[in-house]
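Q: Contents of final.cif (mmCIF, C-alpha atoms) are given next:
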data_coords
loop_
_atom_site.label_atom_id
_atom_site.label_comp_id
_atom_site.auth_asym_id
_atom_site.auth_seq_id
_atom_site.Cartn_x
_atom_site.Cartn_y
_atom_site.Cartn_z
CA MET A 1 28.68 5.93 -30.45
CA ILE A 2 28.13 3.86 -33.63
CA SER A 3 31.44 2.06 -33.22
CA GLN A 4 30.48 0.98 -29.68
CA LYS A 5 27.14 -0.60 -30.59
CA PRO A 6 28.44 -3.99 -31.86
CA THR A 7 30.50 -4.33 -28.66
CA LEU A 8 27.42 -3.62 -26.56
CA ILE A 9 25.39 -6.25 -28.38
CA LYS A 10 28.21 -8.77 -28.05
CA HIS A 11 28.33 -8.12 -24.28
CA TRP A 12 24.61 -8.73 -23.93
CA LYS A 13 24.78 -11.98 -25.87
CA THR A 14 27.39 -13.36 -23.47
CA ILE A 15 24.96 -13.04 -20.54
CA ALA A 16 22.72 -16.09 -20.06
CA ARG A 17 19.73 -14.37 -18.51
CA TYR A 18 18.40 -11.27 -16.73
CA THR A 19 15.81 -10.62 -14.10
CA ILE A 20 12.94 -8.29 -14.98
CA SER A 21 14.39 -5.48 -12.86
CA GLN A 22 17.85 -5.83 -14.41
CA LEU A 23 16.40 -5.64 -17.91
CA ILE A 24 14.20 -2.66 -17.05
CA ARG A 25 17.16 -0.78 -15.55
CA TYR A 26 19.13 -1.18 -18.78
CA PHE A 27 16.10 -0.16 -20.84
CA ALA A 28 15.53 2.94 -18.69
CA ALA A 29 19.18 4.03 -18.69
CA ASP A 30 18.75 6.44 -21.63
CA LEU A 31 15.17 7.49 -20.86
CA PRO A 32 14.13 10.59 -18.89
CA LYS A 33 13.59 9.87 -15.19
CA SER A 34 9.96 10.96 -15.49
CA SER A 35 9.26 8.51 -18.33
CA ASN A 36 6.49 5.97 -17.80
CA TYR A 37 7.97 3.64 -20.46
CA PRO A 38 9.72 1.38 -17.91
CA ARG A 39 6.45 0.91 -16.00
CA HIS A 40 4.57 -0.19 -19.12
CA ALA A 41 7.48 -2.37 -20.26
CA ARG A 42 7.58 -4.14 -16.89
CA ALA A 43 3.86 -4.89 -17.05
CA TYR A 44 4.31 -6.37 -20.54
CA ILE A 45 7.24 -8.58 -19.44
CA GLU A 46 5.30 -9.82 -16.40
CA PHE A 47 2.37 -10.62 -18.69
CA CYS A 48 4.63 -12.69 -20.95
CA LEU A 49 6.14 -14.62 -18.06
CA THR A 50 2.76 -15.24 -16.42
CA GLU A 51 1.18 -16.50 -19.63
CA GLY A 52 4.28 -18.43 -20.77
CA PHE A 53 4.63 -16.33 -23.93
CA GLY A 54 7.84 -15.26 -25.60
CA ILE A 55 8.79 -11.60 -25.70
CA ASP A 56 8.11 -11.23 -29.39
CA GLY A 57 5.80 -9.81 -32.01
CA MET A 58 2.99 -12.27 -31.28
CA SER A 59 2.83 -11.50 -27.56
CA PHE A 60 3.15 -7.79 -28.37
CA ALA A 61 0.10 -7.97 -30.65
CA ARG A 62 -1.86 -9.91 -28.04
CA TYR A 63 -0.93 -7.61 -25.15
CA THR A 64 -1.54 -4.32 -26.97
CA ALA A 65 -4.80 -5.38 -28.63
CA GLY A 66 -7.31 -2.71 -27.70
CA LEU A 67 -4.77 -0.47 -25.99
CA PRO A 68 -4.57 3.19 -27.05
CA PRO A 69 -1.46 4.23 -29.04
CA ASN A 70 0.14 5.97 -26.04
CA ARG A 71 0.06 2.64 -24.15
CA ALA A 72 1.34 0.56 -27.06
CA SER A 73 4.22 2.91 -27.94
CA PRO A 74 6.31 2.15 -24.79
CA ILE A 75 5.93 -1.59 -25.40
CA ARG A 76 6.98 -1.22 -29.03
CA LYS A 77 10.09 0.75 -28.03
CA PHE A 78 11.00 -1.85 -25.42
CA LEU A 79 10.52 -4.73 -27.87
CA LEU A 80 12.90 -3.05 -30.33
CA PHE A 81 15.43 -2.59 -27.51
CA TYR A 82 15.02 -6.25 -26.48
CA GLN A 83 15.58 -7.49 -30.04
CA THR A 84 18.60 -5.22 -30.47
CA ILE A 85 20.36 -6.74 -27.47
CA GLY A 86 19.86 -10.27 -28.75
CA CYS A 87 16.66 -11.40 -26.97
CA PRO A 88 18.27 -12.69 -23.74
CA THR A 89 16.41 -14.99 -21.37
CA VAL A 90 14.29 -13.11 -18.81
CA VAL A 91 13.29 -14.50 -15.40
CA ALA A 92 11.10 -13.16 -12.61
CA ASP A 93 12.67 -11.09 -9.84
CA PRO A 94 13.58 -13.14 -6.76
CA ARG A 95 11.39 -12.59 -3.72
CA THR A 96 13.05 -10.11 -1.40
CA THR A 97 12.37 -8.94 2.12
CA LYS A 98 13.39 -5.81 3.94
CA ILE A 99 12.87 -7.32 7.37
CA PRO A 100 15.91 -6.42 9.50
CA PRO A 101 17.76 -9.24 11.27
CA ALA A 102 16.42 -10.00 14.72
CA ALA A 103 18.56 -9.05 17.70
CA ASN A 104 18.02 -12.44 19.32
CA GLU A 105 16.36 -15.81 18.84
CA LEU A 106 13.35 -14.82 20.94
CA ILE A 107 12.41 -12.02 18.54
CA LEU A 108 12.99 -14.30 15.56
CA LYS A 109 10.60 -16.96 16.87
CA PHE A 110 7.97 -14.38 17.80
CA ILE A 111 8.05 -12.66 14.37
CA ARG A 112 7.87 -16.04 12.65
CA GLU A 113 4.82 -17.19 14.63
CA ALA A 114 2.88 -13.93 15.12
CA LYS A 115 -0.32 -14.36 13.12
CA SER A 116 -1.25 -10.70 13.50
CA LEU A 117 1.79 -9.63 11.46
CA ARG A 118 0.56 -10.31 7.94
CA GLY A 119 2.96 -8.35 5.76
CA ASP A 120 6.70 -7.78 5.56
CA ARG A 121 6.25 -4.14 6.49
CA SER A 122 4.58 -5.02 9.81
CA LYS A 123 7.26 -7.61 10.57
CA GLU A 124 9.96 -5.08 9.74
CA THR A 125 8.43 -2.49 12.09
CA TYR A 126 8.03 -4.92 14.99
CA THR A 127 11.54 -6.31 14.54
CA LYS A 128 12.94 -2.77 14.60
CA ALA A 129 11.00 -1.92 17.76
CA LEU A 130 12.02 -5.08 19.61
CA ASN A 131 15.65 -4.74 18.52
CA ALA A 132 15.66 -1.22 19.98
CA PHE A 133 14.35 -2.49 23.31
CA PHE A 134 16.87 -5.32 23.69
CA LEU A 135 19.66 -3.01 22.58
CA TYR A 136 18.62 -0.70 25.43
CA VAL A 137 18.70 -3.67 27.84
CA ASP A 138 22.23 -4.57 26.71
CA GLN A 139 23.36 -0.97 27.11
CA GLN A 140 21.97 -0.78 30.64
CA LEU A 141 23.67 -4.03 31.64
CA ALA A 142 26.95 -2.77 30.15
CA LEU A 143 26.60 0.25 32.46
CA SER A 144 26.04 -2.10 35.42
CA GLN A 145 22.43 -0.97 35.66
CA PRO A 146 19.66 -3.47 36.46
CA ALA A 147 17.70 -4.40 33.33
CA SER A 148 15.54 -7.32 32.23
CA PHE A 149 12.53 -8.22 30.15
CA GLY A 150 10.08 -6.91 32.73
CA GLY A 151 7.76 -4.05 33.56
CA LEU A 152 10.29 -1.84 35.32
CA THR A 153 12.81 -1.95 32.46
CA VAL A 154 10.09 -1.42 29.86
CA SER A 155 8.90 1.64 31.79
CA ASP A 156 12.47 2.96 31.83
CA PHE A 157 12.72 2.28 28.10
CA VAL A 158 9.61 4.37 27.43
CA GLN A 159 11.14 7.23 29.41
CA HIS A 160 14.39 6.78 27.46
CA LEU A 161 12.47 7.18 24.19
CA LYS A 162 10.74 10.31 25.51
CA ASP A 163 14.09 11.79 26.56
CA ASN A 164 15.37 11.20 23.03
CA GLN A 165 12.44 13.11 21.47
CA TYR A 166 10.65 10.13 19.95
CA SER A 167 7.09 10.95 18.94
CA ALA A 168 4.19 9.68 21.04
CA PHE A 169 3.04 7.59 18.07
CA THR A 170 6.43 5.83 17.76
CA ILE A 171 6.71 5.27 21.53
CA ASN A 172 3.27 3.67 21.66
CA LEU A 173 4.08 1.54 18.63
CA TYR A 174 7.29 0.26 20.26
CA LEU A 175 5.45 -0.39 23.52
CA SER A 176 2.73 -2.32 21.70
CA ALA A 177 5.34 -4.57 20.08
CA ILE A 178 6.98 -5.25 23.46
CA LYS A 179 3.63 -6.05 25.08
CA GLN A 180 2.73 -8.47 22.31
CA LEU A 181 6.08 -10.22 22.66
CA ALA A 182 5.54 -10.47 26.44
CA ALA A 183 2.06 -11.95 25.96
CA TRP A 184 3.48 -14.44 23.46
CA CYS A 185 6.18 -15.47 25.95
CA ILE A 186 3.56 -16.04 28.63
CA ARG A 187 1.57 -18.28 26.28
CA ARG A 188 4.76 -20.18 25.43
CA ARG A 189 5.97 -20.35 29.05
CA GLU A 190 6.37 -24.14 29.06
CA ASP A 191 8.39 -24.18 25.83
CA LEU A 192 10.53 -21.30 27.09
CA ASN A 193 10.86 -22.90 30.55
CA LEU A 194 9.86 -19.73 32.39
CA GLY A 195 9.67 -19.58 36.17
CA GLU A 196 7.02 -17.79 38.22
CA GLU A 197 9.28 -14.80 38.88
CA GLN A 198 9.90 -14.34 35.15
CA LEU A 199 6.19 -14.67 34.40
CA ASN A 200 5.33 -12.00 36.96
CA ALA A 201 7.91 -9.67 35.39
CA LEU A 202 6.34 -10.25 31.99
CA ARG A 203 2.82 -9.65 33.35
CA ASP A 204 3.99 -6.32 34.80
CA ILE A 205 4.72 -5.12 31.25
CA ASP A 206 1.00 -4.94 30.51
CA ASP A 207 0.63 -2.25 33.20
CA VAL A 208 3.08 0.10 31.48
CA ARG A 209 1.09 2.94 29.98
CA GLY A 210 1.81 4.64 26.69
CA LEU A 211 1.56 8.33 25.87
CA ALA A 212 -1.69 10.15 25.25
CA ILE A 213 -2.12 11.19 21.64
CA GLU A 214 -4.49 13.84 20.45
CA ARG A 215 -5.92 12.21 17.38
CA THR A 216 -5.99 14.59 14.47
CA PHE A 217 -5.79 14.65 10.71
CA TYR A 218 -2.51 13.77 9.12
CA LYS A 219 -3.96 13.87 5.62
CA ASP A 220 -5.58 16.74 3.76
CA SER A 221 -8.71 16.38 1.64
CA LEU A 222 -10.02 17.93 -1.56
CA GLU A 223 -12.98 20.19 -2.16
CA ALA A 224 -15.71 18.93 -4.49
CA ASP A 225 -14.46 21.02 -7.44
CA GLU A 226 -10.88 19.93 -6.81
CA ARG A 227 -11.93 16.28 -6.87
CA GLN A 228 -13.66 16.89 -10.17
CA GLN A 229 -10.39 18.28 -11.58
CA ILE A 230 -8.52 15.15 -10.46
CA LEU A 231 -11.03 12.93 -12.27
CA SER A 232 -10.84 14.94 -15.50
CA GLU A 233 -8.32 14.70 -18.34
CA VAL A 234 -6.91 11.37 -17.14
CA GLU A 235 -4.32 9.79 -19.42
CA THR A 236 -5.79 6.28 -19.65
CA THR A 237 -9.07 4.57 -18.81
CA ARG A 238 -7.24 2.28 -16.40
CA ASP A 239 -5.86 5.25 -14.47
CA LYS A 240 -9.31 6.84 -14.36
CA ALA A 241 -10.79 3.58 -13.06
CA VAL A 242 -8.21 3.63 -10.26
CA LEU A 243 -8.96 7.27 -9.46
CA VAL A 244 -12.74 6.84 -9.21
CA LEU A 245 -12.33 3.87 -6.88
CA LEU A 246 -10.18 6.07 -4.62
CA GLY A 247 -11.97 9.39 -5.04
CA LEU A 248 -15.62 8.31 -5.38
CA GLU A 249 -15.75 5.03 -3.48
CA GLY A 250 -13.10 5.87 -0.86
CA LEU A 251 -11.09 2.66 -1.21
CA ARG A 252 -7.59 2.37 0.22
CA THR A 253 -4.77 1.79 -2.27
CA VAL A 254 -4.28 -1.82 -1.16
CA GLU A 255 -8.02 -2.45 -1.48
CA VAL A 256 -7.91 -1.33 -5.12
CA THR A 257 -5.16 -3.86 -5.88
CA ARG A 258 -7.24 -6.64 -4.29
CA LEU A 259 -10.41 -6.07 -6.32
CA LYS A 260 -11.47 -8.99 -8.49
CA LEU A 261 -14.00 -9.06 -11.30
CA GLY A 262 -16.39 -11.02 -9.09
CA ASP A 263 -16.36 -8.16 -6.57
CA LEU A 264 -18.11 -5.86 -9.06
CA ASP A 265 -21.87 -6.40 -8.78
CA PHE A 266 -23.34 -4.12 -11.43
CA ASP A 267 -26.85 -5.57 -11.02
CA ARG A 268 -27.13 -4.95 -7.29
CA GLN A 269 -24.90 -1.84 -7.49
CA GLN A 270 -22.50 -3.13 -4.83
CA LEU A 271 -18.74 -3.45 -4.44
CA GLN A 272 -17.27 -6.23 -2.32
CA VAL A 273 -14.15 -4.82 -0.63
CA LEU A 274 -11.41 -6.75 1.16
CA GLY A 275 -10.06 -4.30 3.75
CA LYS A 276 -6.51 -4.01 5.02
CA GLY A 277 -5.57 -6.85 7.34
CA LYS A 278 -8.98 -8.46 6.79
CA SER A 279 -10.01 -11.92 5.62
CA THR A 280 -13.66 -11.16 4.82
CA LYS A 281 -15.19 -8.70 2.37
CA LYS A 282 -17.73 -5.98 3.07
CA ALA A 283 -20.28 -4.67 0.59
CA ILE A 284 -20.51 -0.93 -0.14
CA LYS A 285 -22.55 1.18 -2.53
CA PHE A 286 -21.28 1.01 -6.13
CA PHE A 287 -21.94 4.57 -7.32
CA VAL A 288 -23.21 5.13 -10.85
CA ALA A 289 -20.32 7.40 -11.87
CA CYS A 290 -17.86 4.71 -10.80
CA ARG A 291 -19.84 1.97 -12.56
CA GLN A 292 -19.72 3.88 -15.83
CA VAL A 293 -15.95 4.32 -15.73
CA LEU A 294 -15.30 0.70 -14.75
CA GLN A 295 -17.62 -0.58 -17.47
CA THR A 296 -15.67 1.43 -20.05
CA TYR A 297 -12.41 0.00 -18.70
CA LEU A 298 -13.78 -3.55 -18.84
CA GLU A 299 -14.94 -3.00 -22.42
CA GLU A 300 -11.46 -1.81 -23.41
CA THR A 301 -9.91 -4.90 -21.84
CA ASN A 302 -12.43 -7.27 -23.51
CA ARG A 303 -14.06 -8.31 -20.22
CA TRP A 304 -17.54 -6.85 -20.62
CA PRO A 305 -19.97 -8.33 -19.86
CA ILE A 306 -17.88 -9.97 -17.14
CA PRO A 307 -17.34 -13.61 -18.21
CA HIS A 308 -18.54 -15.98 -15.52
CA GLY A 309 -15.40 -18.08 -15.76
CA ARG A 310 -13.13 -15.07 -15.17
CA ARG A 311 -14.73 -13.69 -12.01
CA GLY A 312 -11.67 -14.74 -10.02
CA GLU A 313 -9.36 -12.51 -12.09
CA TYR A 314 -8.01 -9.29 -10.60
CA LEU A 315 -9.56 -6.10 -11.96
CA PHE A 316 -6.08 -4.60 -12.38
CA ASP A 317 -3.44 -7.17 -13.25
CA ASN A 318 -0.09 -6.69 -11.47
CA LEU A 319 -1.05 -3.26 -10.10
CA LYS A 320 0.97 -2.28 -7.03
CA THR A 321 0.22 0.36 -4.39
CA HIS A 322 3.29 2.41 -5.34
CA GLN A 323 1.96 2.59 -8.90
CA ILE A 324 -1.36 3.90 -7.58
CA ARG A 325 0.43 6.59 -5.58
CA TYR A 326 2.28 7.57 -8.75
CA ILE A 327 -1.00 7.87 -10.69
CA VAL A 328 -2.54 10.09 -8.00
CA ASP A 329 0.54 12.29 -7.56
CA LYS A 330 0.71 12.83 -11.32
CA GLN A 331 -2.88 14.08 -11.39
CA LEU A 332 -2.38 16.26 -8.32
CA LYS A 333 0.69 17.91 -9.84
CA LYS A 334 -1.04 18.28 -13.20
CA HIS A 335 -3.80 20.39 -11.63
CA GLY A 336 -1.59 22.22 -9.12
CA LEU A 337 -3.15 20.42 -6.15
CA LYS A 338 -0.09 18.63 -4.79
CA ARG A 339 0.68 20.01 -1.34
CA VAL A 340 1.82 18.86 2.09
CA GLY A 341 -0.56 16.23 3.45
CA MET A 342 -2.08 15.52 0.04
CA SER A 343 -1.59 11.96 -1.22
CA ALA A 344 -3.47 8.96 -2.57
CA HIS A 345 -4.98 8.32 0.87
CA SER A 346 -6.29 11.89 0.84
CA LEU A 347 -8.87 10.79 -1.72
CA ARG A 348 -10.37 8.46 0.89
CA HIS A 349 -10.56 11.38 3.34
CA THR A 350 -12.14 13.43 0.56
CA VAL A 351 -14.93 10.87 0.13
CA GLY A 352 -15.77 10.86 3.84
CA GLN A 353 -15.65 14.65 4.07
CA LEU A 354 -17.83 15.29 1.02
CA LEU A 355 -20.39 12.62 1.98
CA LEU A 356 -20.91 14.36 5.32
CA GLU A 357 -21.17 17.74 3.62
CA GLU A 358 -23.83 16.30 1.33
CA GLY A 359 -25.91 15.35 4.36
CA VAL A 360 -25.16 11.62 4.59
CA SER A 361 -25.47 10.40 8.18
CA LEU A 362 -22.37 9.69 10.24
CA GLU A 363 -23.38 6.03 10.64
CA HIS A 364 -23.74 5.54 6.90
CA VAL A 365 -20.39 7.19 6.21
CA GLN A 366 -18.86 4.85 8.78
CA GLN A 367 -20.39 1.85 7.01
CA HIS A 368 -19.24 3.04 3.60
CA LEU A 369 -15.65 3.66 4.71
CA ARG A 370 -15.73 0.48 6.83
CA HIS A 371 -14.35 2.13 9.95
CA GLU A 372 -14.20 -0.22 12.95
CA THR A 373 -15.44 2.50 15.32
CA LEU A 374 -17.69 5.50 14.94
CA GLU A 375 -15.00 7.57 16.69
CA THR A 376 -12.80 7.34 13.59
CA THR A 377 -15.60 8.65 11.40
CA GLN A 378 -16.30 11.46 13.85
CA PHE A 379 -12.95 13.02 12.96
CA TYR A 380 -14.52 14.02 9.66
CA THR A 381 -17.26 15.80 11.59
CA LYS A 382 -14.62 17.59 13.67
CA LYS A 383 -12.86 18.67 10.50
CA LYS A 384 -16.14 19.90 9.00
CA THR A 385 -16.83 21.90 12.18
CA ARG A 386 -13.41 23.57 12.04
CA LYS A 387 -13.95 24.35 8.39
CA THR A 388 -17.32 26.08 8.89
CA TYR A 389 -16.68 27.60 12.32
CA PHE A 390 -16.04 31.19 11.24
CA GLN A 391 -18.98 31.19 8.80
CA GLN A 392 -21.46 29.68 11.25
CA MET A 393 -20.62 31.59 14.44
CA PRO A 394 -22.89 34.63 14.98
CA ASP A 395 -21.20 38.00 15.38
#
So that I can check it, write out the structure of this file as structure tokens.
A:
Amino acid sequence: MISQKPTLIKHWKTIARYTISQLIRYFAADLPKSSNYPRHARAYIEFCLTEGFGIDGMSFARYTAGLPPNRASPIRKFLLFYQTIGCPTVVADPRTTKIPPAANELILKFIREAKSLRGDRSKETYTKALNAFFLYVDQQLALSQPASFGGLTVSDFVQHLKDNQYSAFTINLYLSAIKQLAAWCIRRREDLNLGEEQLNALRDIDDVRGLAIERTFYKDSLEADERQQILSEVETTRDKAVLVLLGLEGLRTVEVTRLKLGDLDFDRQQLQVLGKGKSTKKAIKFFVACRQVLQTYLEETNRWPIPHGRRGEYLFDNLKTHQIRYIVDKQLKKHGLKRVGMSAHSLRHTVGQLLLEEGVSLEHVQQHLRHETLETTQFYTKKKTRKTYFQQMPD
């Protein structure tokens, strides 16, 4: 092994530059798969690139100032690794997309212009659904069967999905995508040069009905004592701040990543939350237990009291939803609470369930969780009823 080290260093020095992900993969090659060192190293590199700092002792001292030893140790190990390989140039990862290629130009234009599809994941899902439909049309035509972009073919497509054991949820999702494409075509009828017969066929699509779905719970929730276990013995103050926002305030993972310092109103005891797919924020109660944890986190990161000029900064810099899921899963496994249906989103369900059990009105729970309809919140009531049925029913 010793005789190979100079060759390794020489190889690294011949490479002009590396992306963050490439560098992290090499760093993680000899680490256990469960190690959190790569995650902390990535955050440090992104900090250096964002601030325009070099990956060196000065940026290390600046980044780790105030961090506990268990947070600084991974950065120190990475810095030693980086210096050993000759300090190559590091650049940000290129922007990537997982959106599948569109089956035809019509889908491509629709996906590009659809304002309701905000993220790559939504665009990927709709492209997949529409590709499946037009593939079905092509298959029918190849079999000399009548098929077109109209109500009758869409109805046949729904039946085709049912025959192939697609879930009601997936069928309705595919149908929704097709209906939105049809509505878009109708709006763009002049640009697409559509005739009256084609327009009528497109209008017929709106009459195609999806499958009835019995709405139920796809996520489990914690009991009050189980939630307390999750919030205890947390590795870092940052992780605990994330957990209380999920498990006490009921925020979604994406909402946690969007929080900015200006959204924390300690004086009025309110949180301003930007919901999923929303452009405006809604205020919710900022509970005292959550305020205490977040204040401690802000003190550790030298942002307490919150500087007026930094209110536009994110509460958690470079925090991604997959990292939040990792934090939650680690705590669940640590306390033996990881089970089917239990995830980061389960903490939001836990908040709604426990608020109702504490006697908070359904309307106030709806406002706190920011549900669009009261029907969504009523599922928590249904779950509470099922939970207490055998105890409450007289013999």
Q: For Gln228 in chain A, which of A:Gln83, A:Thr170, A:Ser176, A:Thr350 is the closest residue, counting all atoms listed in the file?
A: A:Thr350
Q: For this file, the PyMOL selection byres ((chain A and resi 34-43) around 10) selects which residues, as a ChimeraX atom specification?
A: /A:20-21,23-29,31-33,44-48,63,70-79,317-319,323
Q: What do you get, as number ranges by chain, if you spell out every residue that the PyMOL selection byres ((chain A and resi 92) around 6) selects here?
A: A: 19-20, 91, 93
Q: Please, what distance in Å, to one decimal, runs between CA of Arg339 in chain A and CA of Leu354 in chain A?
A: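 So the answer is 19.2 Å.
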Q: CA of Thr127 in chain A to CA of Ile111 in chain A: how many Å, to one decimal?
A: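 Computed distance, CA of Thr127 in chain A to CA of Ile111 in chain A, equals 7.2 Å.
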Q: Tell me, as a list in words, which residues lie within 10 Å of Cys87 in chain A, counting all atoms listed in the file; anything in the same chain fewer than 2 positions away does not count.
A: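 Here the qualifying residues turn out to be Trp12, Lys13, Arg17, Gly54, Ile55, Asp56, Leu79, Leu80, Phe81, Tyr82, Gln83, Thr84, Ile85, Thr89 and Val90 of chain A.
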Q: I'd like to know which of A:Arg203, A:Arg258, A:Leu362, A:Gly150 is closest to Lys320 in chain A, using only C-alpha atoms.
A: A:Arg258
Q: Rank A:Ile230, A:Ala177, A:Ser144, A:Thr301 by their smallest atom-to-atom distance to Ser122 in chain A, using all atoms listed in the file, and report the top residue only.
A: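 The answer is A:Ala177, which sits nearest to Ser122 in chain A.
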Q: Which of these, A:Leu369, A:Met393, A:Ile284, A:Leu173, has the shortest distance to Gln272 in chain A once you count all atoms listed in the file?
A: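 So, comparing all the options, the nearest one is A:Ile284.
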Q: Have a look at A:Asp220, A:Arg370, A:Arg310, A:Val288 and name the one nearest to Leu274 in chain A; count all atoms listed in the file.
A: A:Arg370
Q: Hey, what comes out of the PyMOL selection byres ((chain A and resi 344) around 9) on this file? Could you write it as a PyMOL selection string?
A: chain A and resi 243+246-247+252-253+324-329+342-343+345-348
Q: Near Lys334 in chain A, within 12 Å and counting all atoms listed in the file, which residues show up once chain neighbours fewer than 2 positions away are dropped, as a list in words?
A: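 Residues meeting the cut-off are Glu226, Gln229, Ile230, Leu231, Ser232, Glu233, Val234, Glu235, Ile327, Val328, Asp329, Lys330, Gln331, Leu332, Gly336, Leu337 and Lys338 of chain A.
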